[in-house]
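Shown next: upload.cif, given as mmCIF, C-alpha atoms.
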```cif
data_run
#
loop_
_atom_site.label_atom_id
_atom_site.label_comp_id
_atom_site.auth_asym_id
_atom_site.auth_seq_id
_atom_site.Cartn_x
_atom_site.Cartn_y
_atom_site.Cartn_z
CA MET A 27 54.10 118.39 -70.39
CA LYS A 28 51.64 115.65 -69.45
CA ARG A 29 52.77 115.71 -65.82
CA ALA A 30 52.44 119.51 -65.69
CA SER A 31 48.97 119.33 -67.17
CA ILE A 32 47.88 116.80 -64.56
CA GLY A 33 49.22 119.02 -61.81
CA VAL A 34 47.30 122.03 -63.07
CA ALA A 35 44.19 119.94 -63.40
CA LEU A 36 44.41 118.82 -59.83
CA VAL A 37 44.91 122.36 -58.62
CA LEU A 38 41.95 123.59 -60.64
CA ALA A 39 39.83 120.69 -59.47
CA GLY A 40 40.65 121.55 -55.88
CA PHE A 41 39.88 125.20 -56.53
CA PHE A 42 36.45 124.54 -58.01
CA ALA A 43 35.65 121.99 -55.33
CA GLY A 44 36.46 124.68 -52.82
CA LEU A 45 34.01 127.02 -54.56
CA VAL A 46 31.23 124.44 -54.31
CA LEU A 47 31.87 123.78 -50.65
CA THR A 48 32.06 127.48 -49.87
CA GLY A 49 28.70 127.99 -51.53
CA ARG A 50 27.08 125.33 -49.36
CA LEU A 51 28.56 126.06 -45.97
CA ARG A 52 27.71 128.92 -43.64
CA THR A 53 29.96 130.44 -41.05
CA ALA A 54 29.15 130.35 -37.35
CA GLY A 55 28.62 134.10 -37.45
CA GLU A 56 26.02 133.86 -40.22
CA THR A 57 24.14 131.14 -38.36
CA PHE A 58 24.06 133.24 -35.20
CA ALA A 59 22.91 136.32 -37.10
CA GLN A 60 20.05 134.49 -38.84
CA SER A 61 18.82 132.90 -35.61
CA SER A 62 18.86 136.35 -33.97
CA GLN A 63 16.77 137.80 -36.80
CA ARG A 64 14.20 135.04 -36.48
CA ALA A 65 13.96 135.72 -32.79
CA GLY A 66 13.41 139.43 -33.45
CA GLN A 67 16.62 140.39 -31.73
CA ALA A 68 19.25 142.88 -32.87
CA ILE A 69 21.99 141.27 -34.93
CA ALA A 70 25.10 141.11 -32.79
CA VAL A 71 27.79 138.60 -33.68
CA PRO A 72 29.94 137.70 -30.66
CA ALA A 73 33.44 139.20 -30.71
CA ALA A 74 34.96 135.71 -30.58
CA LEU A 75 33.40 135.01 -33.97
CA THR A 76 34.36 138.27 -35.67
CA GLY A 77 37.87 139.02 -34.48
CA GLY A 78 40.72 137.83 -32.34
CA LEU A 79 43.29 137.69 -35.13
CA PRO A 80 45.99 140.35 -35.00
CA ASP A 81 46.63 142.47 -38.08
CA LEU A 82 50.01 141.13 -39.20
CA THR A 83 50.05 142.63 -42.67
CA GLY A 84 52.65 145.26 -41.79
CA ILE A 85 54.79 142.72 -39.94
CA ALA A 86 54.66 140.30 -42.88
CA ALA A 87 55.48 143.01 -45.44
CA GLN A 88 58.65 143.88 -43.53
CA ALA A 89 59.67 140.35 -42.53
CA VAL A 90 59.58 138.87 -46.05
CA LYS A 91 62.36 141.27 -47.05
CA GLY A 92 64.79 139.39 -44.84
CA VAL A 93 63.99 135.93 -46.23
CA VAL A 94 65.90 134.64 -49.26
CA ASN A 95 66.01 131.59 -51.52
CA ILE A 96 68.93 129.18 -51.21
CA SER A 97 70.15 126.85 -53.95
CA SER A 98 73.00 124.46 -53.32
CA VAL A 99 74.88 122.35 -55.85
CA THR A 100 77.17 119.53 -54.72
CA VAL A 101 79.46 117.85 -57.25
CA THR A 102 80.26 114.20 -56.50
CA GLN A 103 82.06 111.47 -58.43
CA ALA A 104 79.81 108.71 -59.73
CA PRO A 105 81.02 105.55 -61.50
CA ARG A 106 80.69 105.57 -65.26
CA SER A 107 80.19 101.80 -65.35
CA PRO A 108 76.86 100.78 -66.91
CA PHE A 109 76.80 97.84 -64.49
CA SER A 110 77.30 99.78 -61.27
CA ASP A 111 73.72 99.05 -60.18
CA ASP A 112 73.74 95.44 -61.37
CA PRO A 113 73.79 92.97 -58.42
CA PHE A 114 75.51 90.27 -60.52
CA PHE A 115 78.31 92.65 -61.53
CA GLN A 116 78.70 93.90 -57.97
CA TYR A 117 78.98 90.35 -56.64
CA PHE A 118 81.81 89.34 -58.97
CA PHE A 119 83.45 92.66 -59.82
CA GLY A 120 82.47 94.99 -56.98
CA GLY A 121 85.09 97.64 -56.29
CA GLN A 122 86.47 97.54 -59.84
CA GLU A 123 84.30 100.31 -61.31
CA GLU A 124 87.38 102.52 -61.72
CA MET A 125 88.21 100.60 -64.90
CA PHE A 126 85.32 102.51 -66.52
CA GLY A 127 86.38 105.87 -65.10
CA GLY A 128 84.14 108.33 -63.29
CA ARG A 129 81.78 111.17 -64.06
CA ASP A 130 80.64 114.25 -62.20
CA ARG A 131 77.19 114.11 -60.68
CA ARG A 132 75.57 117.39 -59.65
CA ASP A 133 73.10 117.17 -56.79
CA MET A 134 70.91 120.24 -56.24
CA SER A 135 69.09 121.26 -53.09
CA LEU A 136 66.63 124.13 -52.73
CA GLY A 137 65.46 125.88 -49.60
CA SER A 138 65.17 129.17 -47.78
CA GLY A 139 67.42 131.34 -45.67
CA VAL A 140 67.28 134.35 -43.36
CA LEU A 141 69.43 137.45 -43.67
CA VAL A 142 70.46 138.20 -40.07
CA SER A 143 73.10 140.92 -40.39
CA SER A 144 73.92 143.89 -42.57
CA ASP A 145 77.41 142.52 -43.18
CA GLY A 146 76.00 139.59 -45.10
CA TYR A 147 75.42 136.63 -42.77
CA VAL A 148 72.61 134.29 -43.84
CA VAL A 149 71.25 131.42 -41.71
CA THR A 150 69.75 128.30 -43.25
CA ASN A 151 69.52 124.56 -42.57
CA ASN A 152 72.45 122.20 -42.87
CA HIS A 153 70.31 119.82 -44.91
CA VAL A 154 69.69 122.62 -47.43
CA VAL A 155 73.43 123.17 -47.92
CA ARG A 156 74.14 119.40 -47.71
CA SER A 157 77.92 119.70 -47.94
CA ALA A 158 80.56 122.13 -46.69
CA LYS A 159 81.99 122.00 -50.22
CA ALA A 160 78.74 122.89 -51.97
CA GLU A 161 78.35 125.81 -54.35
CA VAL A 162 75.66 128.00 -52.80
CA THR A 163 73.64 130.80 -54.39
CA VAL A 164 71.39 133.27 -52.57
CA ALA A 165 68.44 134.75 -54.46
CA PHE A 166 66.63 137.84 -53.17
CA GLY A 167 63.02 138.92 -53.55
CA ASP A 168 63.85 141.03 -56.60
CA ARG A 169 65.26 137.84 -58.19
CA HIS A 170 68.89 138.95 -58.35
CA GLU A 171 71.38 136.31 -57.22
CA VAL A 172 74.76 136.34 -55.48
CA ALA A 173 77.22 133.62 -54.61
CA ALA A 174 77.57 132.71 -50.94
CA ARG A 175 80.47 131.30 -48.94
CA ILE A 176 79.81 128.59 -46.37
CA VAL A 177 81.12 129.83 -43.03
CA GLY A 178 80.30 126.61 -41.22
CA THR A 179 77.73 123.89 -40.69
CA ASP A 180 76.39 122.18 -37.59
CA PRO A 181 74.66 118.88 -38.41
CA ALA A 182 73.77 118.35 -34.74
CA THR A 183 71.27 121.24 -34.82
CA ASP A 184 70.79 121.29 -38.63
CA ILE A 185 72.03 124.88 -38.84
CA ALA A 186 74.35 126.30 -41.52
CA LEU A 187 75.80 129.80 -41.78
CA LEU A 188 76.52 131.51 -45.10
CA LYS A 189 78.24 134.78 -45.95
CA ILE A 190 77.59 137.07 -48.90
CA ALA A 191 79.37 140.30 -49.82
CA PRO A 192 78.07 143.15 -47.61
CA GLY A 193 77.54 145.33 -50.67
CA SER A 194 75.05 142.85 -52.08
CA VAL A 195 72.65 143.18 -49.13
CA PRO A 196 69.82 145.27 -50.60
CA MET A 197 67.26 145.05 -47.81
CA PRO A 198 66.67 145.32 -44.06
CA THR A 199 67.86 142.31 -42.11
CA MET A 200 65.72 140.27 -39.73
CA THR A 201 65.63 141.35 -36.08
CA TRP A 202 66.43 138.64 -33.55
CA GLY A 203 63.75 137.73 -31.01
CA ASP A 204 64.07 135.95 -27.66
CA SER A 205 62.72 132.43 -28.18
CA SER A 206 62.73 131.77 -24.42
CA LYS A 207 59.81 134.20 -24.11
CA LEU A 208 57.58 132.29 -26.54
CA LYS A 209 54.34 130.90 -25.17
CA VAL A 210 52.11 128.10 -26.39
CA ALA A 211 49.24 129.45 -28.55
CA GLU A 212 51.19 132.62 -29.44
CA TRP A 213 50.74 133.74 -33.06
CA VAL A 214 53.68 133.15 -35.42
CA LEU A 215 54.36 133.49 -39.14
CA ALA A 216 56.34 130.96 -41.19
CA ILE A 217 58.10 132.62 -44.14
CA GLY A 218 59.98 130.83 -46.90
CA SER A 219 59.80 129.45 -50.42
CA PRO A 220 57.73 126.25 -50.40
CA TYR A 221 57.81 124.56 -53.79
CA GLN A 222 59.88 127.57 -55.01
CA LEU A 223 56.99 129.97 -54.36
CA ASN A 224 59.06 132.92 -53.17
CA GLN A 225 58.32 134.78 -49.92
CA THR A 226 55.28 132.74 -48.97
CA VAL A 227 53.76 133.68 -45.59
CA THR A 228 51.64 131.32 -43.50
CA LEU A 229 50.02 131.96 -40.14
CA GLY A 230 49.70 129.68 -37.14
CA ILE A 231 50.43 129.37 -33.45
CA VAL A 232 53.14 127.91 -31.28
CA SER A 233 51.84 124.39 -30.66
CA ALA A 234 54.51 123.29 -28.17
CA LEU A 235 57.96 124.21 -26.90
CA GLY A 236 61.05 122.15 -26.18
CA ARG A 237 60.14 119.25 -28.46
CA THR A 238 62.74 116.46 -28.41
CA ASN A 239 63.14 112.93 -29.76
CA VAL A 240 61.63 113.98 -33.08
CA GLY A 241 64.40 112.35 -35.12
CA PHE A 242 65.43 115.33 -37.27
CA SER A 243 68.78 116.02 -35.65
CA GLU A 244 71.04 114.97 -32.82
CA TYR A 245 70.56 118.08 -30.66
CA GLU A 246 66.81 118.72 -30.48
CA ASP A 247 64.97 121.49 -28.69
CA PHE A 248 62.33 122.43 -31.24
CA ILE A 249 59.51 124.93 -31.40
CA GLN A 250 56.44 123.12 -32.75
CA THR A 251 54.00 125.12 -34.84
CA ASP A 252 50.92 124.55 -36.96
CA ALA A 253 51.85 127.37 -39.36
CA ALA A 254 52.01 125.64 -42.74
CA ILE A 255 55.54 124.48 -43.54
CA ASN A 256 56.19 122.60 -46.78
CA PRO A 257 59.20 121.38 -48.78
CA GLY A 258 61.28 124.45 -49.62
CA ASN A 259 60.43 126.19 -46.32
CA SER A 260 63.52 124.65 -44.72
CA GLY A 261 65.85 127.36 -43.45
CA GLY A 262 63.14 130.03 -43.54
CA ALA A 263 61.97 132.30 -40.74
CA LEU A 264 59.55 131.74 -37.89
CA VAL A 265 58.47 135.23 -36.85
CA ASN A 266 56.47 136.42 -33.85
CA ALA A 267 53.73 139.06 -33.86
CA ARG A 268 56.35 141.77 -33.28
CA GLY A 269 58.21 140.86 -36.45
CA GLU A 270 61.13 139.27 -34.61
CA LEU A 271 62.94 136.13 -35.72
CA VAL A 272 62.20 133.45 -33.11
CA GLY A 273 63.09 130.30 -35.07
CA ILE A 274 64.55 128.71 -38.19
CA ASN A 275 62.03 126.38 -39.86
CA THR A 276 63.54 122.91 -40.14
CA GLY A 277 61.12 120.05 -40.74
CA ILE A 278 57.63 118.66 -40.73
CA VAL A 279 55.85 115.49 -39.72
CA SER A 280 54.35 114.06 -42.89
CA PRO A 281 53.40 110.36 -43.05
CA ASN A 282 53.59 110.22 -46.85
CA GLY A 283 56.64 112.50 -47.17
CA GLY A 284 54.52 115.19 -48.80
CA GLY A 285 53.27 118.52 -47.57
CA ASN A 286 52.05 120.19 -44.42
CA GLN A 287 50.12 118.19 -41.83
CA GLY A 288 49.98 120.99 -39.26
CA ILE A 289 53.04 119.73 -37.36
CA GLY A 290 56.17 121.71 -38.14
CA PHE A 291 59.37 122.31 -36.20
CA ALA A 292 61.79 125.21 -35.93
CA VAL A 293 65.17 125.62 -34.23
CA PRO A 294 64.75 128.32 -31.53
CA SER A 295 66.44 131.66 -32.22
CA ASN A 296 68.45 131.57 -28.98
CA LEU A 297 69.96 128.21 -29.91
CA THR A 298 70.56 129.40 -33.47
CA ARG A 299 72.41 132.51 -32.26
CA ARG A 300 74.62 130.41 -30.01
CA VAL A 301 75.45 128.05 -32.88
CA ILE A 302 76.28 130.76 -35.41
CA GLY A 303 78.37 132.57 -32.81
CA GLU A 304 80.51 129.44 -32.50
CA LEU A 305 80.67 129.02 -36.28
CA ILE A 306 81.86 132.60 -36.75
CA LYS A 307 84.45 132.38 -33.97
CA PHE A 308 85.75 128.82 -34.36
CA GLY A 309 84.40 127.51 -37.67
CA SER A 310 82.62 124.72 -35.80
CA VAL A 311 80.47 124.29 -32.70
CA ARG A 312 82.33 123.22 -29.58
CA ARG A 313 80.31 121.04 -27.23
CA GLY A 314 80.92 119.45 -23.89
CA SER A 315 81.29 115.73 -23.27
CA VAL A 316 81.67 113.36 -20.34
CA GLY A 317 82.65 110.44 -22.58
CA VAL A 318 80.90 107.71 -24.49
CA MET A 319 77.97 106.06 -22.76
CA TYR A 320 74.68 104.42 -23.67
CA LEU A 321 71.60 105.69 -21.86
CA TYR A 322 68.06 104.34 -21.66
CA PRO A 323 64.88 106.26 -20.85
CA LEU A 324 63.03 105.08 -17.76
CA THR A 325 59.68 103.38 -18.17
CA THR A 326 57.31 102.64 -15.29
CA GLN A 327 58.25 98.95 -15.37
CA LEU A 328 61.99 99.62 -15.58
CA ALA A 329 61.82 102.16 -12.75
CA ALA A 330 60.03 99.63 -10.56
CA GLU A 331 62.60 96.93 -11.31
CA ILE A 332 65.56 99.07 -10.26
CA GLY A 333 63.78 100.66 -7.31
CA VAL A 334 63.35 104.21 -8.62
CA ARG A 335 60.17 106.09 -7.79
CA GLU A 336 59.96 108.34 -10.85
CA THR A 337 60.40 107.80 -14.58
CA ARG A 338 62.37 111.01 -15.01
CA GLY A 339 66.07 110.53 -15.56
CA ALA A 340 68.47 108.48 -17.68
CA LEU A 341 69.59 104.93 -16.97
CA VAL A 342 73.27 104.22 -17.67
CA ASN A 343 73.41 100.95 -19.61
CA GLN A 344 77.03 100.98 -20.81
CA ILE A 345 79.94 103.35 -20.29
CA ASP A 346 83.43 103.63 -21.71
CA ARG A 347 85.94 102.86 -18.96
CA ARG A 348 88.26 105.53 -20.40
CA SER A 349 85.64 108.25 -20.12
CA PRO A 350 85.77 111.11 -17.58
CA ALA A 351 82.38 109.99 -16.25
CA TYR A 352 83.60 106.47 -15.46
CA ARG A 353 86.77 107.75 -13.82
CA ALA A 354 84.60 110.06 -11.71
CA GLY A 355 82.60 107.06 -10.45
CA LEU A 356 79.62 106.69 -12.82
CA GLN A 357 78.69 103.04 -13.33
CA PRO A 358 76.25 100.97 -15.43
CA GLY A 359 72.95 100.72 -13.59
CA ASP A 360 73.14 104.26 -12.21
CA VAL A 361 70.18 106.54 -12.88
CA ILE A 362 71.17 110.12 -13.69
CA VAL A 363 68.57 112.43 -12.14
CA SER A 364 70.20 115.89 -12.13
CA PHE A 365 72.94 117.95 -13.73
CA ASN A 366 74.29 121.00 -11.89
CA GLY A 367 71.10 121.10 -9.83
CA GLN A 368 68.73 120.86 -12.80
CA ALA A 369 66.45 117.83 -12.99
CA VAL A 370 67.15 115.52 -15.92
CA ASN A 371 64.02 114.52 -17.86
CA ASP A 372 65.41 111.85 -20.17
CA PRO A 373 68.65 110.80 -21.92
CA SER A 374 68.42 113.42 -24.68
CA HIS A 375 67.90 116.15 -22.07
CA PHE A 376 71.02 115.04 -20.18
CA LEU A 377 73.10 115.03 -23.36
CA ARG A 378 71.93 118.56 -24.21
CA LEU A 379 72.86 119.79 -20.73
CA VAL A 380 76.32 118.24 -21.07
CA ALA A 381 76.77 119.68 -24.56
CA ASP A 382 75.94 123.17 -23.32
CA ALA A 383 78.20 122.95 -20.25
CA GLN A 384 81.38 125.02 -20.18
CA ILE A 385 84.34 123.06 -21.50
CA GLY A 386 86.97 122.63 -18.80
CA SER A 387 84.50 123.00 -15.94
CA THR A 388 83.41 120.35 -13.45
CA SER A 389 79.73 119.50 -13.18
CA ALA A 390 77.74 118.02 -10.31
CA VAL A 391 75.83 114.99 -11.59
CA GLY A 392 73.16 113.58 -9.28
CA ILE A 393 72.52 109.83 -9.53
CA ILE A 394 70.48 107.13 -7.82
CA ARG A 395 72.42 103.94 -7.08
CA ASP A 396 70.83 101.07 -5.17
CA GLY A 397 68.21 103.46 -3.83
CA ARG A 398 70.80 105.96 -2.54
CA ALA A 399 71.27 109.51 -3.82
CA ILE A 400 74.88 110.28 -4.77
CA THR A 401 76.48 113.35 -6.33
CA LEU A 402 79.47 112.89 -8.63
CA GLN A 403 81.87 115.60 -9.76
CA ILE A 404 82.50 114.98 -13.46
CA PRO A 405 84.86 117.10 -15.63
CA ILE A 406 83.54 118.43 -18.93
CA LEU A 407 85.82 117.85 -21.90
CA GLN A 408 85.45 119.11 -25.45
CA ARG A 409 83.56 116.68 -27.60
CA GLU A 410 85.49 115.19 -30.48
CA GLY A 411 83.99 115.24 -33.96
#
```
If you took the structure in this file and wrote it as structure tokens, what would it be?
Amino acid sequence: MKRASIGVALVLAGFFAGLVLTGRLRTAGETFAQSSQRAGQAIAVPAALTGGLPDLTGIAAQAVKGVVNISSVTVTQAPRSPFSDDPFFQYFFGGQEEMFGGRDRRDMSLGSGVLVSSDGYVVTNNHVVRSAKAEVTVAFGDRHEVAARIVGTDPATDIALLKIAPGSVPMPTMTWGDSSKLKVAEWVLAIGSPYQLNQTVTLGIVSALGRTNVGFSEYEDFIQTDAAINPGNSGGALVNARGELVGINTGIVSPNGGGNQGIGFAVPSNLTRRVIGELIKFGSVRRGSVGVMYLYPLTTQLAAEIGVRETRGALVNQIDRRSPAYRAGLQPGDVIVSFNGQAVNDPSHFLRLVADAQIGSTSAVGIIRDGRAITLQIPILQREG
């Protein structure tokens, strides 16, 4: 109770502080109007100060119906030993905890999800589900709950697909949008259940497209937004001004691990649709591979040392001699600059292009070796694991 009281106090303190600040500050429009009156001019606030925001109330009212709450419970075996965390016990008796038996430990995860079909498919994040063996419950806006089956998970993109009984779908589903048509500074809504506050809607813009090397997942091609995303928003919907689903909210940049800092990321809808299509058809996502290799990004200094003019591309540092790429002629020290005619920006970009390539096909990989441009024909195999 003490912790709850402190939390309420902080909220109230923030609320009243906001009232004080609001009473002291004037808007730009008010300042302009008062200066116009003093000058004896007609009051005319510029349009840029009075409007510009679209009316998204109707869009939000419809979109929230397709966003649900997700709760996931994973049961794991934990040692019953009272000394399992004791360093002294672990040093002398580590691995012998079974003498004390085990106990079930229930780990719960909460997040959001998006209802994307009338036959009961729900998209969320893999980190919300946590385990393919988890017990998952979907809660709707009217607070009724149904059990969900995990169709499949894809840790590489942090996407998971759930299925509920078609008869339990009581609301319109979300309409898919084309994420490739998004533009920077376009208005978007983030919808989810931050801190278990159901069907919360926040407004922002698309801050950037094609964000990579963020560190959230292996396959990264994120939409960045400043629409407020907080813990519990994971798996929720990013919606454009037409009410279309353009992304699945996934993570935020937060130095202290807390709430929104204005930097959130969503998996694009086009990538999400491709992933769930594979999960429905195969139960997993099939991706292309050219074998195991270690790639480095090019810096200005590194490019100068190896005689490459640009810093775009991926430097091959090591490569498995059993890999298709090595057998096709790729060697350590080569700089990969293109894949099937498309310029390669960095190592992660190359790996995404390979992953998306048709399995069983042969791809043209452009490299720079000793200052010479060479094109290699490398077969695409299905990635293992």
Q: To one decimal in Å, tell me the separation between CA of Gly269 (chain A) and CA of Ile249 (chain A).
A: 16.8 Å
Evaluate the PyMOL selection byres ((chain A and resi 155-159) around 12) against this structure - the residues, as a CSV table (one decimal) with C-alpha atoms, in the frame of the given file, please.
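Saved result, result39.csv, follows:
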```csv
chain,number,residue,atom,x,y,z
A,95,ASN,CA,66.0,131.6,-51.5
A,96,ILE,CA,68.9,129.2,-51.2
A,97,SER,CA,70.2,126.8,-54.0
A,98,SER,CA,73.0,124.5,-53.3
A,99,VAL,CA,74.9,122.4,-55.8
A,100,THR,CA,77.2,119.5,-54.7
A,101,VAL,CA,79.5,117.8,-57.2
A,102,THR,CA,80.3,114.2,-56.5
A,133,ASP,CA,73.1,117.2,-56.8
A,134,MET,CA,70.9,120.2,-56.2
A,135,SER,CA,69.1,121.3,-53.1
A,136,LEU,CA,66.6,124.1,-52.7
A,137,GLY,CA,65.5,125.9,-49.6
A,138,SER,CA,65.2,129.2,-47.8
A,139,GLY,CA,67.4,131.3,-45.7
A,148,VAL,CA,72.6,134.3,-43.8
A,149,VAL,CA,71.2,131.4,-41.7
A,150,THR,CA,69.8,128.3,-43.2
A,151,ASN,CA,69.5,124.6,-42.6
A,152,ASN,CA,72.4,122.2,-42.9
A,153,HIS,CA,70.3,119.8,-44.9
A,154,VAL,CA,69.7,122.6,-47.4
A,160,ALA,CA,78.7,122.9,-52.0
A,161,GLU,CA,78.4,125.8,-54.4
A,162,VAL,CA,75.7,128.0,-52.8
A,163,THR,CA,73.6,130.8,-54.4
A,164,VAL,CA,71.4,133.3,-52.6
A,174,ALA,CA,77.6,132.7,-50.9
A,175,ARG,CA,80.5,131.3,-48.9
A,176,ILE,CA,79.8,128.6,-46.4
A,177,VAL,CA,81.1,129.8,-43.0
A,178,GLY,CA,80.3,126.6,-41.2
A,179,THR,CA,77.7,123.9,-40.7
A,180,ASP,CA,76.4,122.2,-37.6
A,181,PRO,CA,74.7,118.9,-38.4
A,184,ASP,CA,70.8,121.3,-38.6
A,185,ILE,CA,72.0,124.9,-38.8
A,186,ALA,CA,74.4,126.3,-41.5
A,187,LEU,CA,75.8,129.8,-41.8
A,188,LEU,CA,76.5,131.5,-45.1
A,260,SER,CA,63.5,124.6,-44.7
A,261,GLY,CA,65.8,127.4,-43.4
A,309,GLY,CA,84.4,127.5,-37.7
A,310,SER,CA,82.6,124.7,-35.8
```
(Q) Neighbouring residues of Leu324 (chain A) were defined as those with any atom within 9 Å, considering all atoms listed in the file; residues of the same chain fewer than 2 positions away were excluded. Please report them as number ranges by chain. (A) A: 322, 326-329, 336-341, 361, 372
Q | Evaluate the PyMOL selection byres ((chain A and resi 252) around 7) and report residues as a PyMOL selection string | A | chain A and resi 230-233+251+253-254+288-290
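Within 6 Å of Val316 (chain A), once all atoms listed in the file are used and residues closer than 6 positions along the same chain are dropped, the contacting residues are A:Pro350, A:Ala351, A:Ile406.
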Would you mind exporting the chosen residues as a PDB file, keeping the file's coordinate frame, restricted to C-alpha atoms?
```pdb
ATOM      1  CA  PRO A 350      85.770 111.110 -17.580  1.00  0.00           C
ATOM      2  CA  ALA A 351      82.380 109.990 -16.250  1.00  0.00           C
ATOM      3  CA  ILE A 406      83.540 118.430 -18.930  1.00  0.00           C
TER       4      ILE A 406
END
```
Q.
Under the rule that only C-alpha atoms are counted, which of A:Asn259, A:Asn366, A:Ser205, A:Ser143 is the nearest residue to Pro192 (chain A)?
A. A:Ser143
Q) Can you tell me how far CA of Leu407 (chain A) sits from CA of Ile274 (chain A), in Å to one decimal? A) 28.9 Å
Q. How far is it from CA of Pro281 (chain A) to CA of Ala263 (chain A), in Å with one decimal?
A. 23.7 Å
